[in-house]
$ cat data-v1.pdb   # PDB, C-alpha atoms
ATOM      1  CA  MET A   1       3.851 -13.690  10.725
ATOM      2  CA  THR A   2       4.898 -11.685   7.681
ATOM      3  CA  VAL A   3       4.448  -7.915   7.907
ATOM      4  CA  LEU A   4       4.182  -6.360   4.454
ATOM      5  CA  GLY A   5       4.781  -2.613   4.407
ATOM      6  CA  GLY A   6       5.670   0.157   2.019
ATOM      7  CA  PHE A   7       4.622   3.652   1.076
ATOM      8  CA  LEU A   8       1.400   4.464  -0.766
ATOM      9  CA  GLY A   9       1.391   2.995  -4.269
ATOM     10  CA  SER A  10       4.563   0.966  -3.870
ATOM     11  CA  GLY A  11       2.915  -2.247  -5.077
ATOM     12  CA  LYS A  12       2.081  -4.153  -1.886
ATOM     13  CA  THR A  13      -1.241  -5.554  -3.081
ATOM     14  CA  THR A  14       0.105  -6.426  -6.539
ATOM     15  CA  TRP A  15       2.979  -8.358  -4.968
ATOM     16  CA  LEU A  16       0.715 -10.114  -2.459
ATOM     17  CA  ARG A  17      -1.845 -11.052  -5.119
ATOM     18  CA  HIS A  18       0.908 -12.747  -7.106
ATOM     19  CA  GLN A  19       2.211 -14.636  -4.084
ATOM     20  CA  LEU A  20      -1.292 -15.886  -3.261
ATOM     21  CA  HIS A  21      -1.812 -16.949  -6.869
ATOM     22  CA  GLU A  22       1.486 -18.845  -6.813
ATOM     23  CA  GLY A  23       0.598 -20.524  -3.509
ATOM     24  CA  VAL A  24       3.475 -18.938  -1.584
ATOM     25  CA  PHE A  25       1.194 -18.140   1.358
ATOM     26  CA  LYS A  26      -1.102 -21.107   0.958
ATOM     27  CA  GLY A  27      -3.461 -21.426   3.918
ATOM     28  CA  ALA A  28      -2.325 -18.137   5.464
ATOM     29  CA  PHE A  29      -4.664 -15.777   7.255
ATOM     30  CA  VAL A  30      -4.397 -12.465   5.368
ATOM     31  CA  ILE A  31      -5.105  -9.186   7.157
ATOM     32  CA  VAL A  32      -5.502  -6.066   5.012
ATOM     33  CA  ASN A  33      -5.170  -2.726   6.791
ATOM     34  CA  GLU A  34      -6.396   0.381   4.977
ATOM     35  CA  ALA A  35      -6.299   3.946   6.252
ATOM     36  CA  ALA A  36      -9.525   4.841   4.454
ATOM     37  CA  GLU A  37     -12.932   3.940   5.824
ATOM     38  CA  THR A  38     -13.775   2.354   2.471
ATOM     39  CA  PRO A  39     -11.512  -0.621   1.736
ATOM     40  CA  VAL A  40     -10.421  -1.431  -1.822
ATOM     41  CA  ASP A  41      -7.639  -3.990  -1.584
ATOM     42  CA  ASP A  42      -9.806  -6.754  -0.106
ATOM     43  CA  ALA A  43     -11.661  -6.971  -3.421
ATOM     44  CA  LEU A  44      -8.325  -7.766  -5.087
ATOM     45  CA  LEU A  45      -7.177 -10.499  -2.712
ATOM     46  CA  GLN A  46      -9.767 -13.193  -3.252
ATOM     47  CA  GLY A  47      -6.974 -15.770  -3.551
ATOM     48  CA  SER A  48      -6.998 -16.138   0.229
ATOM     49  CA  SER A  49      -9.663 -18.242   1.914
ATOM     50  CA  ASN A  50      -8.978 -16.469   5.235
ATOM     51  CA  LEU A  51      -9.201 -12.705   4.838
ATOM     52  CA  ALA A  52      -9.957  -9.907   7.293
ATOM     53  CA  VAL A  53     -10.038  -6.165   6.638
ATOM     54  CA  LEU A  54      -9.150  -3.446   9.137
ATOM     55  CA  ALA A  55     -10.281  -0.166   7.586
ATOM     56  CA  GLY A  56     -10.455   3.373   8.864
ATOM     57  CA  GLY A  57      -7.103   3.704  10.617
ATOM     58  CA  CYS A  58      -3.473   2.588  10.380
ATOM     59  CA  ALA A  59      -2.564  -0.472  12.447
ATOM     60  CA  CYS A  60       0.452   1.356  13.891
ATOM     61  CA  CYS A  61      -1.675   3.955  15.682
ATOM     62  CA  VAL A  62      -5.455   4.481  15.374
ATOM     63  CA  GLY A  63      -6.121   0.907  14.283
ATOM     64  CA  LYS A  64      -3.642  -0.783  16.635
ATOM     65  CA  GLU A  65      -6.256  -1.813  19.197
ATOM     66  CA  ASP A  66      -8.416  -3.453  16.516
ATOM     67  CA  LEU A  67      -5.392  -5.303  15.119
ATOM     68  CA  ILE A  68      -4.393  -6.671  18.527
ATOM     69  CA  ALA A  69      -7.986  -7.766  19.206
ATOM     70  CA  LEU A  70      -8.147  -9.565  15.850
ATOM     71  CA  LEU A  71      -4.813 -11.319  16.467
ATOM     72  CA  HIS A  72      -6.045 -12.429  19.909
ATOM     73  CA  LYS A  73      -9.101 -13.978  18.265
ATOM     74  CA  ILE A  74      -7.021 -15.699  15.581
ATOM     75  CA  CYS A  75      -4.724 -17.206  18.216
ATOM     76  CA  ASP A  76      -7.660 -18.239  20.379
ATOM     77  CA  ASP A  77      -9.354 -19.972  17.428
ATOM     78  CA  ARG A  78      -6.104 -21.702  16.521
ATOM     79  CA  SER A  79      -5.658 -23.069  20.049
ATOM     80  CA  LYS A  80      -8.956 -24.924  19.650
ATOM     81  CA  GLN A  81      -7.928 -26.596  16.411
ATOM     82  CA  THR A  82      -6.575 -30.126  16.437
ATOM     83  CA  GLU A  83      -6.047 -30.571  12.683
ATOM     84  CA  HIS A  84      -4.949 -28.237   9.890
ATOM     85  CA  ARG A  85      -3.851 -25.583  12.341
ATOM     86  CA  LEU A  86      -3.097 -22.117  11.024
ATOM     87  CA  GLU A  87       0.637 -21.689  10.538
ATOM     88  CA  ARG A  88       1.035 -18.237   8.973
ATOM     89  CA  ILE A  89      -0.447 -14.752   9.102
ATOM     90  CA  VAL A  90       0.263 -12.086   6.482
ATOM     91  CA  LEU A  91      -0.438  -8.474   7.432
ATOM     92  CA  GLU A  92      -0.565  -5.977   4.564
ATOM     93  CA  THR A  93      -0.226  -2.622   6.287
ATOM     94  CA  SER A  94      -1.637   0.673   5.130
ATOM     95  CA  GLY A  95       0.684   2.768   2.973
ATOM     96  CA  LEU A  96       0.629   5.314   5.790
ATOM     97  CA  ALA A  97       1.707   2.840   8.473
ATOM     98  CA  ASP A  98       5.048   2.524  10.208
ATOM     99  CA  PRO A  99       5.722  -1.240  10.606
ATOM    100  CA  GLY A 100       7.964  -0.645  13.625
ATOM    101  CA  PRO A 101       5.233   0.057  16.218
ATOM    102  CA  ILE A 102       3.169  -2.832  14.847
ATOM    103  CA  VAL A 103       5.981  -5.326  15.358
ATOM    104  CA  GLU A 104       6.712  -3.862  18.799
ATOM    105  CA  ALA A 105       3.050  -4.141  19.838
ATOM    106  CA  ILE A 106       2.974  -7.838  18.927
ATOM    107  CA  ARG A 107       6.257  -8.644  20.621
ATOM    108  CA  THR A 108       5.283  -6.876  23.849
ATOM    109  CA  ASP A 109       1.717  -8.161  24.102
ATOM    110  CA  PRO A 110       1.607 -10.684  26.992
ATOM    111  CA  ILE A 111      -0.551 -13.112  24.996
ATOM    112  CA  LEU A 112       0.625 -12.667  21.407
ATOM    113  CA  VAL A 113       4.291 -13.000  22.348
ATOM    114  CA  HIS A 114       3.628 -16.692  23.128
ATOM    115  CA  HIS A 115       1.756 -17.377  19.884
ATOM    116  CA  ILE A 116       3.142 -15.210  17.084
ATOM    117  CA  ILE A 117       6.667 -14.944  15.749
ATOM    118  CA  VAL A 118       7.207 -11.995  13.427
ATOM    119  CA  SER A 119       9.462 -13.836  11.031
ATOM    120  CA  GLU A 120       9.982 -11.067   8.469
ATOM    121  CA  THR A 121       9.151  -7.475   7.673
ATOM    122  CA  LEU A 122       8.975  -7.018   3.915
ATOM    123  CA  VAL A 123       8.846  -3.471   2.572
ATOM    124  CA  MET A 124       7.895  -2.649  -0.998
ATOM    125  CA  VAL A 125       9.904   0.173  -2.575
ATOM    126  CA  ASP A 126       8.626   2.061  -5.620
ATOM    127  CA  ALA A 127      11.483   2.356  -8.131
ATOM    128  CA  LEU A 128       9.845   5.402  -9.736
ATOM    129  CA  HIS A 129       9.156   7.474  -6.619
ATOM    130  CA  ALA A 130      11.233   6.164  -3.719
ATOM    131  CA  LEU A 131      14.136   8.600  -4.104
ATOM    132  CA  SER A 132      11.737  11.528  -3.894
ATOM    133  CA  GLN A 133      10.007   9.943  -0.898
ATOM    134  CA  LEU A 134      13.308   9.392   0.880
ATOM    135  CA  ARG A 135      14.079  13.086   0.450
ATOM    136  CA  SER A 136      10.704  14.445   1.530
ATOM    137  CA  GLU A 137       8.650  11.823   3.405
ATOM    138  CA  PRO A 138       9.839  10.872   6.922
ATOM    139  CA  LEU A 139       7.488   7.892   6.921
ATOM    140  CA  GLY A 140       9.046   6.507   3.738
ATOM    141  CA  ARG A 141      12.438   6.566   5.468
ATOM    142  CA  LYS A 142      11.060   4.838   8.585
ATOM    143  CA  GLN A 143       9.502   2.042   6.533
ATOM    144  CA  ILE A 144      12.776   1.305   4.772
ATOM    145  CA  GLU A 145      14.837   1.478   7.968
ATOM    146  CA  ILE A 146      12.704  -1.228   9.651
ATOM    147  CA  ALA A 147      12.785  -3.680   6.724
ATOM    148  CA  ASP A 148      14.357  -7.127   6.883
ATOM    149  CA  CYS A 149      13.867  -7.343   3.140
ATOM    150  CA  MET A 150      13.125  -4.713   0.485
ATOM    151  CA  MET A 151      11.251  -5.573  -2.706
ATOM    152  CA  VAL A 152      11.908  -2.891  -5.338
ATOM    153  CA  SER A 153       8.894  -2.755  -7.650
ATOM    154  CA  LYS A 154       8.386  -1.322 -11.164
ATOM    155  CA  ILE A 155      12.056  -1.638 -12.051
ATOM    156  CA  ASP A 156      11.120  -2.258 -15.685
ATOM    157  CA  ASP A 157       9.818   1.323 -15.908
ATOM    158  CA  ALA A 158      12.682   2.996 -14.053
ATOM    159  CA  ASN A 159      15.561   4.913 -15.606
ATOM    160  CA  PRO A 160      18.672   2.670 -15.216
ATOM    161  CA  ASP A 161      20.829   5.402 -13.658
ATOM    162  CA  ASP A 162      18.073   6.458 -11.242
ATOM    163  CA  LEU A 163      17.468   2.819 -10.328
ATOM    164  CA  ALA A 164      21.157   2.228  -9.577
ATOM    165  CA  ARG A 165      21.261   5.372  -7.403
ATOM    166  CA  LEU A 166      18.134   4.240  -5.558
ATOM    167  CA  LEU A 167      19.568   0.785  -4.879
ATOM    168  CA  ALA A 168      22.824   2.285  -3.611
ATOM    169  CA  THR A 169      20.823   4.628  -1.364
ATOM    170  CA  LEU A 170      18.697   1.794   0.033
ATOM    171  CA  HIS A 171      21.860  -0.110   0.883
ATOM    172  CA  VAL A 172      23.185   2.904   2.808
ATOM    173  CA  VAL A 173      19.896   3.574   4.652
ATOM    174  CA  ASN A 174      19.478  -0.082   5.646
ATOM    175  CA  PRO A 175      22.678  -2.042   4.981
ATOM    176  CA  GLY A 176      21.427  -5.159   6.764
ATOM    177  CA  ALA A 177      18.365  -5.726   4.583
ATOM    178  CA  GLN A 178      18.196  -7.940   1.538
ATOM    179  CA  ILE A 179      17.124  -6.211  -1.679
ATOM    180  CA  PHE A 180      15.204  -7.889  -4.506
ATOM    181  CA  GLY A 181      13.543  -6.629  -7.671
ATOM    182  CA  THR A 182       9.974  -7.300  -8.751
ATOM    183  CA  VAL A 183       7.816  -6.599 -11.770
ATOM    184  CA  LYS A 184       4.071  -7.051 -11.198
ATOM    185  CA  GLY A 185       4.828  -9.336  -8.260
ATOM    186  CA  THR A 186       7.373 -11.546 -10.053
ATOM    187  CA  GLU A 187      10.965 -11.507  -8.821
ATOM    188  CA  VAL A 188      13.489 -10.277 -11.406
ATOM    189  CA  PRO A 189      17.262  -9.725 -11.206
ATOM    190  CA  LEU A 190      18.558  -6.350 -10.078
ATOM    191  CA  PRO A 191      21.275  -4.511 -12.017
ATOM    192  CA  ASP A 192      24.731  -4.090 -10.554
ATOM    193  CA  PHE A 193      24.743  -0.929  -8.434
ATOM    194  CA  SER A 194      28.126  -1.345  -6.756
ATOM    195  CA  GLN A 195      29.581   1.662  -8.593
ATOM    196  CA  ALA A 196      26.537   3.910  -8.206
ATOM    197  CA  GLU A 197      26.687   7.014  -6.031
ATOM    198  CA  PRO A 198      23.994   6.994  -3.289
ATOM    199  CA  GLU A 199      21.737   9.970  -2.720
ATOM    200  CA  HIS A 200      22.963  12.304   0.015
ATOM    201  CA  LEU A 201      19.971  12.463   2.309
ATOM    202  CA  ALA A 202      19.359  14.950   5.087
ATOM    203  CA  GLU A 203      20.076  13.494   8.499
ATOM    204  CA  VAL A 204      16.691  14.488   9.931
ATOM    205  CA  LEU A 205      13.345  14.940   8.230
ATOM    206  CA  ASN A 206      10.875  17.016  10.238
ATOM    207  CA  GLU A 207       7.321  15.655  10.040
ATOM    208  CA  VAL A 208       5.946  18.721  11.829
ATOM    209  CA  ASP A 209       6.649  20.920   8.797
ATOM    210  CA  LEU A 210       4.531  18.740   6.481
ATOM    211  CA  PRO A 211       0.727  18.898   6.199
ATOM    212  CA  PRO A 212      -0.777  15.539   7.205
ATOM    213  CA  ILE A 213      -1.663  12.983   4.547
ATOM    214  CA  PHE A 214      -5.305  11.919   4.785
ATOM    215  CA  PRO A 215      -7.749   9.743   2.818
ATOM    216  CA  SER A 216     -10.922  11.023   1.161
ATOM    217  CA  LYS A 217     -13.767   8.977  -0.292
ATOM    218  CA  LEU A 218     -15.565   9.995  -3.491
ATOM    219  CA  ALA A 219     -18.759   8.269  -4.608
ATOM    220  CA  LEU A 220     -19.425   8.272  -8.339
ATOM    221  CA  ASP A 221     -23.195   8.479  -8.677
ATOM    222  CA  GLU A 222     -25.322   8.335 -11.827
ATOM    223  CA  THR A 223     -24.524  11.968 -12.670
ATOM    224  CA  ILE A 224     -20.822  11.152 -13.179
ATOM    225  CA  ASP A 225     -19.939   8.992 -16.169
ATOM    226  CA  TRP A 226     -16.603   7.379 -16.978
ATOM    227  CA  THR A 227     -15.590  10.077 -19.468
ATOM    228  CA  SER A 228     -16.221  12.909 -17.019
ATOM    229  CA  PHE A 229     -14.373  11.100 -14.252
ATOM    230  CA  SER A 230     -11.308  10.316 -16.408
ATOM    231  CA  VAL A 231     -11.064  13.932 -17.634
ATOM    232  CA  TRP A 232     -11.368  15.212 -14.054
ATOM    233  CA  LEU A 233      -8.716  12.790 -12.796
ATOM    234  CA  SER A 234      -6.275  13.819 -15.546
ATOM    235  CA  ALA A 235      -6.812  17.495 -14.735
ATOM    236  CA  LEU A 236      -6.426  16.869 -10.998
ATOM    237  CA  LEU A 237      -3.139  15.015 -11.383
ATOM    238  CA  HIS A 238      -1.811  17.612 -13.818
ATOM    239  CA  SER A 239      -2.495  20.477 -11.429
ATOM    240  CA  ARG A 240      -2.030  18.811  -8.008
ATOM    241  CA  GLY A 241      -0.072  15.641  -8.741
ATOM    242  CA  ASN A 242       2.537  16.306  -6.070
ATOM    243  CA  ASP A 243      -0.171  16.632  -3.415
ATOM    244  CA  ILE A 244      -2.279  13.659  -4.592
ATOM    245  CA  VAL A 245      -0.124  10.791  -3.357
ATOM    246  CA  ARG A 246      -2.485   7.945  -4.250
ATOM    247  CA  VAL A 247      -5.802   7.303  -6.003
ATOM    248  CA  LYS A 248      -7.419   3.878  -5.964
ATOM    249  CA  GLY A 249     -10.862   2.471  -6.638
ATOM    250  CA  VAL A 250     -13.109   0.295  -8.775
ATOM    251  CA  VAL A 251     -15.254   2.016 -11.388
ATOM    252  CA  ARG A 252     -18.003   0.452 -13.464
ATOM    253  CA  THR A 253     -17.537   1.420 -17.123
ATOM    254  CA  PRO A 254     -18.899   0.242 -20.502
ATOM    255  CA  ALA A 255     -15.799  -1.990 -20.683
ATOM    256  CA  GLY A 256     -16.541  -3.611 -17.299
ATOM    257  CA  ARG A 257     -15.265  -3.181 -13.736
ATOM    258  CA  LEU A 258     -11.993  -1.252 -13.921
ATOM    259  CA  LEU A 259      -9.397  -0.975 -11.182
ATOM    260  CA  VAL A 260      -8.134   2.614 -11.311
ATOM    261  CA  GLN A 261      -4.819   3.440  -9.637
ATOM    262  CA  THR A 262      -2.433   6.375  -9.637
ATOM    263  CA  VAL A 263       0.778   7.199  -7.766
ATOM    264  CA  ARG A 264       1.591  10.911  -7.765
ATOM    265  CA  LYS A 265       1.191  11.923 -11.438
ATOM    266  CA  VAL A 266       1.615   8.403 -12.826
ATOM    267  CA  VAL A 267      -1.587   6.663 -13.901
ATOM    268  CA  GLN A 268      -1.256   2.889 -13.951
ATOM    269  CA  SER A 269      -2.914   0.941 -16.755
ATOM    270  CA  PRO A 270      -6.528   0.193 -15.718
ATOM    271  CA  GLU A 271      -7.143  -3.481 -14.946
ATOM    272  CA  ILE A 272     -10.420  -5.214 -15.789
ATOM    273  CA  LEU A 273     -11.653  -7.107 -12.723
ATOM    274  CA  PRO A 274     -13.955 -10.149 -12.693
ATOM    275  CA  GLU A 275     -17.647  -9.355 -12.670
ATOM    276  CA  GLN A 276     -19.092  -9.514  -9.164
ATOM    277  CA  GLU A 277     -21.398  -7.512  -6.963
ATOM    278  CA  SER A 278     -19.567  -5.138  -4.663
ATOM    279  CA  ARG A 279     -20.958  -2.290  -2.610
ATOM    280  CA  GLU A 280     -17.647  -0.489  -3.040
ATOM    281  CA  ASP A 281     -17.852  -0.226  -6.839
ATOM    282  CA  ASN A 282     -17.890   3.373  -8.111
ATOM    283  CA  THR A 283     -16.075   4.487  -4.973
ATOM    284  CA  ILE A 284     -12.686   6.172  -5.266
ATOM    285  CA  VAL A 285     -10.249   6.745  -2.416
ATOM    286  CA  VAL A 286      -7.956   9.753  -2.834
ATOM    287  CA  ILE A 287      -5.024  10.048  -0.426
ATOM    288  CA  GLY A 288      -3.005  13.229  -0.264
ATOM    289  CA  ARG A 289      -2.351  16.514   1.509
ATOM    290  CA  GLY A 290      -2.725  20.255   1.131
ATOM    291  CA  TYR A 291      -6.374  20.449   0.044
ATOM    292  CA  ARG A 292      -9.863  20.129   1.499
ATOM    293  CA  GLU A 293     -11.940  16.994   1.009
ATOM    294  CA  GLU A 294     -15.021  18.994   0.027
ATOM    295  CA  ASP A 295     -13.086  20.704  -2.765
ATOM    296  CA  LEU A 296     -12.417  17.333  -4.417
ATOM    297  CA  ALA A 297     -16.098  16.468  -4.592
ATOM    298  CA  ARG A 298     -16.982  19.972  -5.774
ATOM    299  CA  SER A 299     -14.461  19.923  -8.605
ATOM    300  CA  LEU A 300     -15.590  16.462  -9.739
ATOM    301  CA  LYS A 301     -19.199  17.617  -9.943
ATOM    302  CA  TYR A 302     -18.062  20.683 -11.884
ATOM    303  CA  PHE A 303     -16.327  18.532 -14.506
ATOM    304  CA  ALA A 304     -19.366  16.273 -14.709
ATOM    305  CA  GLY A 305     -21.647  19.248 -15.269
ATOM    306  CA  ALA A 306     -23.606  18.445 -12.097
ATOM    307  CA  SER A 307     -24.976  21.218  -9.900
TER     308      SER A 307
END
$ encode --input "data-v1.pdb" --output "structure tokens"
Amino acid sequence: MTVLGGFLGSGKTTWLRHQLHEGVFKGAFVIVNEAAETPVDDALLQGSSNLAVLAGGCACCVGKEDLIALLHKICDDRSKQTEHRLERIVLETSGLADPGPIVEAIRTDPILVHHIIVSETLVMVDALHALSQLRSEPLGRKQIEIADCMMVSKIDDANPDDLARLLATLHVVNPGAQIFGTVKGTEVPLPDFSQAEPEHLAEVLNEVDLPPIFPSKLALDETIDWTSFSVWLSALLHSRGNDIVRVKGVVRTPAGRLLVQTVRKVVQSPEILPEQESREDNTIVVIGRGYREEDLARSLKYFAGAS
């Protein structure tokens, strides 16, 4: 089993999509865990013939029971197979999940311990935001500390000096982990960071002092067009970008089905998705802290001119 972790917006799905396209996880059973009730990433991972979605709770806590039950079923089904038996599971965790308790739950389960070997814990690291997360997000630190391997994404967009400092910091936080670079899921060489000065991080980050991060779902009905939504999103990120950790969803526009994604104040280039019917189109998941869910919907309607 491969456990794929990383903070919100670090590039987990992009990396996994590329691996599936390249056949790296050919024949694997892919499990996608999303904190929000409305899943988005499953629509992007059609390269896997075996795909299950666990939505509405992180697999390290609220969704742990559902994950264990699903793994029991997978192992039970595999035990009945005589040919073409399943050999690999890939779990893409929620960006709010701590991989440590997930791995521990599998290794201590009296049934799963005899069927599943957690061979690697891969953690995606966002080259643009990871230093800030290491300073301020206890969960971001936990994810990196548990990693067997760190995949640093978006290095083509990172400032060279900031990237070198990040790499030096990652090596200090988790000296035993391998570190690789990726751009849109493709492995690329990392720069030399041997002379870089690592960030001096506080010894303890107190989660109690931080408001909780939570997901909100926004439905874009016929009263909200693409122009109104894009103006609202720009205004939201400009005013509350440090609180809005992640925005993700599929919106139907005159140009087609667009995958919309943001990380903090950075808006990623929209991606046109293949045409297909999906009940989750025109649904946006906003993940952040320090605001009320009802205020998001109210402000969107205000920008759209809806009462």
$ residues_around --input "data-v1.pdb" --residues "Ala297 of chain A" --least-positions-apart "2" --cutoff "10 Å" --atoms "only C-alpha atoms" --output "NGL selection string"
:A and (216-220 or 292-295 or 299-302)
$ write_last_selection --input "data-v1.pdb" --atoms "C-alpha atoms" --output "compact mmCIF listing (two decimals), in the coordinates of the input"
# COMPACT_ATOMS: atom_id res chain seq x y z
CA SER A 216 -10.92 11.02 1.16
CA LYS A 217 -13.77 8.98 -0.29
CA LEU A 218 -15.56 9.99 -3.49
CA ALA A 219 -18.76 8.27 -4.61
CA LEU A 220 -19.42 8.27 -8.34
CA ARG A 292 -9.86 20.13 1.50
CA GLU A 293 -11.94 16.99 1.01
CA GLU A 294 -15.02 18.99 0.03
CA ASP A 295 -13.09 20.70 -2.76
CA SER A 299 -14.46 19.92 -8.60
CA LEU A 300 -15.59 16.46 -9.74
CA LYS A 301 -19.20 17.62 -9.94
CA TYR A 302 -18.06 20.68 -11.88
$ resolve_selection --input "data-v1.pdb" --expression "the PyMOL selection byres ((chain A and resi 4) around 8)" --output "PyMOL selection string"
chain A and resi 2-3+5-6+12+90-93+121-124
$ residues_around --input "data-v1.pdb" --residues "Ile74 of chain A" --least-positions-apart "2" --cutoff "12 Å" --atoms "only C-alpha atoms" --output "list in words"
Ala28, Phe29, Val30, Ile31, Asn50, Leu51, Ala52, Leu67, Ile68, Ala69, Leu70, Leu71, His72, Asp76, Asp77, Arg78, Ser79, Lys80, Gln81, Arg85, Leu86, Glu87, Arg88, Ile89, Ile111, Leu112, His115 and Ile116 of chain A
$ resolve_selection --input "data-v1.pdb" --expression "the PyMOL selection byres ((chain A and resi 183-200) around 6)" --output "PDB file with C-alpha atoms, in the coordinates of the input"
ATOM      1  CA  THR A  14       0.105  -6.426  -6.539  1.00  0.00           C
ATOM      2  CA  TRP A  15       2.979  -8.358  -4.968  1.00  0.00           C
ATOM      3  CA  HIS A  18       0.908 -12.747  -7.106  1.00  0.00           C
ATOM      4  CA  SER A 153       8.894  -2.755  -7.650  1.00  0.00           C
ATOM      5  CA  LYS A 154       8.386  -1.322 -11.164  1.00  0.00           C
ATOM      6  CA  ALA A 164      21.157   2.228  -9.577  1.00  0.00           C
ATOM      7  CA  ARG A 165      21.261   5.372  -7.403  1.00  0.00           C
ATOM      8  CA  ALA A 168      22.824   2.285  -3.611  1.00  0.00           C
ATOM      9  CA  THR A 169      20.823   4.628  -1.364  1.00  0.00           C
ATOM     10  CA  GLY A 181      13.543  -6.629  -7.671  1.00  0.00           C
ATOM     11  CA  THR A 182       9.974  -7.300  -8.751  1.00  0.00           C
ATOM     12  CA  LEU A 201      19.971  12.463   2.309  1.00  0.00           C
TER      13      LEU A 201
END
$ resolve_selection --input "data-v1.pdb" --expression "the PyMOL selection byres ((chain A and resi 126) around 10)" --output "PyMOL selection string"
chain A and resi 6-12+123-125+127-131+133+151-155+158+166+182+263
$ build_atoms --input "data-v1.pdb" --residues "segment 232-250 of chain A" --atoms "N, CA and C atoms" --output "PDB file, in the coordinates of the input"
ATOM      1  N   TRP A 232     -11.613  14.558 -15.345  1.00  0.00           N
ATOM      2  CA  TRP A 232     -11.368  15.212 -14.054  1.00  0.00           C
ATOM      3  C   TRP A 232     -10.095  14.690 -13.405  1.00  0.00           C
ATOM      4  N   LEU A 233      -9.900  13.369 -13.428  1.00  0.00           N
ATOM      5  CA  LEU A 233      -8.716  12.790 -12.796  1.00  0.00           C
ATOM      6  C   LEU A 233      -7.444  13.271 -13.485  1.00  0.00           C
ATOM      7  N   SER A 234      -7.450  13.330 -14.808  1.00  0.00           N
ATOM      8  CA  SER A 234      -6.275  13.819 -15.546  1.00  0.00           C
ATOM      9  C   SER A 234      -5.965  15.259 -15.172  1.00  0.00           C
ATOM     10  N   ALA A 235      -7.013  16.089 -15.092  1.00  0.00           N
ATOM     11  CA  ALA A 235      -6.812  17.495 -14.735  1.00  0.00           C
ATOM     12  C   ALA A 235      -6.302  17.626 -13.305  1.00  0.00           C
ATOM     13  N   LEU A 236      -6.845  16.822 -12.395  1.00  0.00           N
ATOM     14  CA  LEU A 236      -6.426  16.869 -10.998  1.00  0.00           C
ATOM     15  C   LEU A 236      -4.950  16.518 -10.848  1.00  0.00           C
ATOM     16  N   LEU A 237      -4.532  15.441 -11.501  1.00  0.00           N
ATOM     17  CA  LEU A 237      -3.139  15.015 -11.383  1.00  0.00           C
ATOM     18  C   LEU A 237      -2.197  16.006 -12.056  1.00  0.00           C
ATOM     19  N   HIS A 238      -2.651  16.626 -13.134  1.00  0.00           N
ATOM     20  CA  HIS A 238      -1.811  17.612 -13.818  1.00  0.00           C
ATOM     21  C   HIS A 238      -1.565  18.828 -12.932  1.00  0.00           C
ATOM     22  N   SER A 239      -2.612  19.251 -12.218  1.00  0.00           N
ATOM     23  CA  SER A 239      -2.495  20.477 -11.429  1.00  0.00           C
ATOM     24  C   SER A 239      -2.007  20.235 -10.004  1.00  0.00           C
ATOM     25  N   ARG A 240      -2.352  19.062  -9.419  1.00  0.00           N
ATOM     26  CA  ARG A 240      -2.030  18.811  -8.008  1.00  0.00           C
ATOM     27  C   ARG A 240      -1.352  17.462  -7.798  1.00  0.00           C
ATOM     28  N   GLY A 241      -0.651  16.983  -8.802  1.00  0.00           N
ATOM     29  CA  GLY A 241      -0.072  15.641  -8.741  1.00  0.00           C
ATOM     30  C   GLY A 241       0.900  15.416  -7.611  1.00  0.00           C
ATOM     31  N   ASN A 242       1.587  16.473  -7.172  1.00  0.00           N
ATOM     32  CA  ASN A 242       2.537  16.306  -6.070  1.00  0.00           C
ATOM     33  C   ASN A 242       1.837  16.214  -4.719  1.00  0.00           C
ATOM     34  N   ASP A 243       0.600  16.711  -4.653  1.00  0.00           N
ATOM     35  CA  ASP A 243      -0.171  16.632  -3.415  1.00  0.00           C
ATOM     36  C   ASP A 243      -1.027  15.366  -3.363  1.00  0.00           C
ATOM     37  N   ILE A 244      -1.454  14.869  -4.529  1.00  0.00           N
ATOM     38  CA  ILE A 244      -2.279  13.659  -4.592  1.00  0.00           C
ATOM     39  C   ILE A 244      -1.331  12.463  -4.614  1.00  0.00           C
ATOM     40  N   VAL A 245      -1.109  11.872  -3.464  1.00  0.00           N
ATOM     41  CA  VAL A 245      -0.124  10.791  -3.357  1.00  0.00           C
ATOM     42  C   VAL A 245      -0.646   9.504  -3.985  1.00  0.00           C
ATOM     43  N   ARG A 246      -1.953   9.238  -3.826  1.00  0.00           N
ATOM     44  CA  ARG A 246      -2.485   7.945  -4.250  1.00  0.00           C
ATOM     45  C   ARG A 246      -3.970   8.074  -4.568  1.00  0.00           C
ATOM     46  N   VAL A 247      -4.391   7.438  -5.662  1.00  0.00           N
ATOM     47  CA  VAL A 247      -5.802   7.303  -6.003  1.00  0.00           C
ATOM     48  C   VAL A 247      -6.049   5.831  -6.310  1.00  0.00           C
ATOM     49  N   LYS A 248      -7.130   5.289  -5.740  1.00  0.00           N
ATOM     50  CA  LYS A 248      -7.419   3.878  -5.964  1.00  0.00           C
ATOM     51  C   LYS A 248      -8.914   3.633  -5.833  1.00  0.00           C
ATOM     52  N   GLY A 249      -9.450   2.812  -6.724  1.00  0.00           N
ATOM     53  CA  GLY A 249     -10.862   2.471  -6.638  1.00  0.00           C
ATOM     54  C   GLY A 249     -11.296   1.615  -7.815  1.00  0.00           C
ATOM     55  N   VAL A 250     -12.518   1.122  -7.722  1.00  0.00           N
ATOM     56  CA  VAL A 250     -13.109   0.295  -8.775  1.00  0.00           C
ATOM     57  C   VAL A 250     -14.278   1.061  -9.380  1.00  0.00           C
TER      58      VAL A 250
END
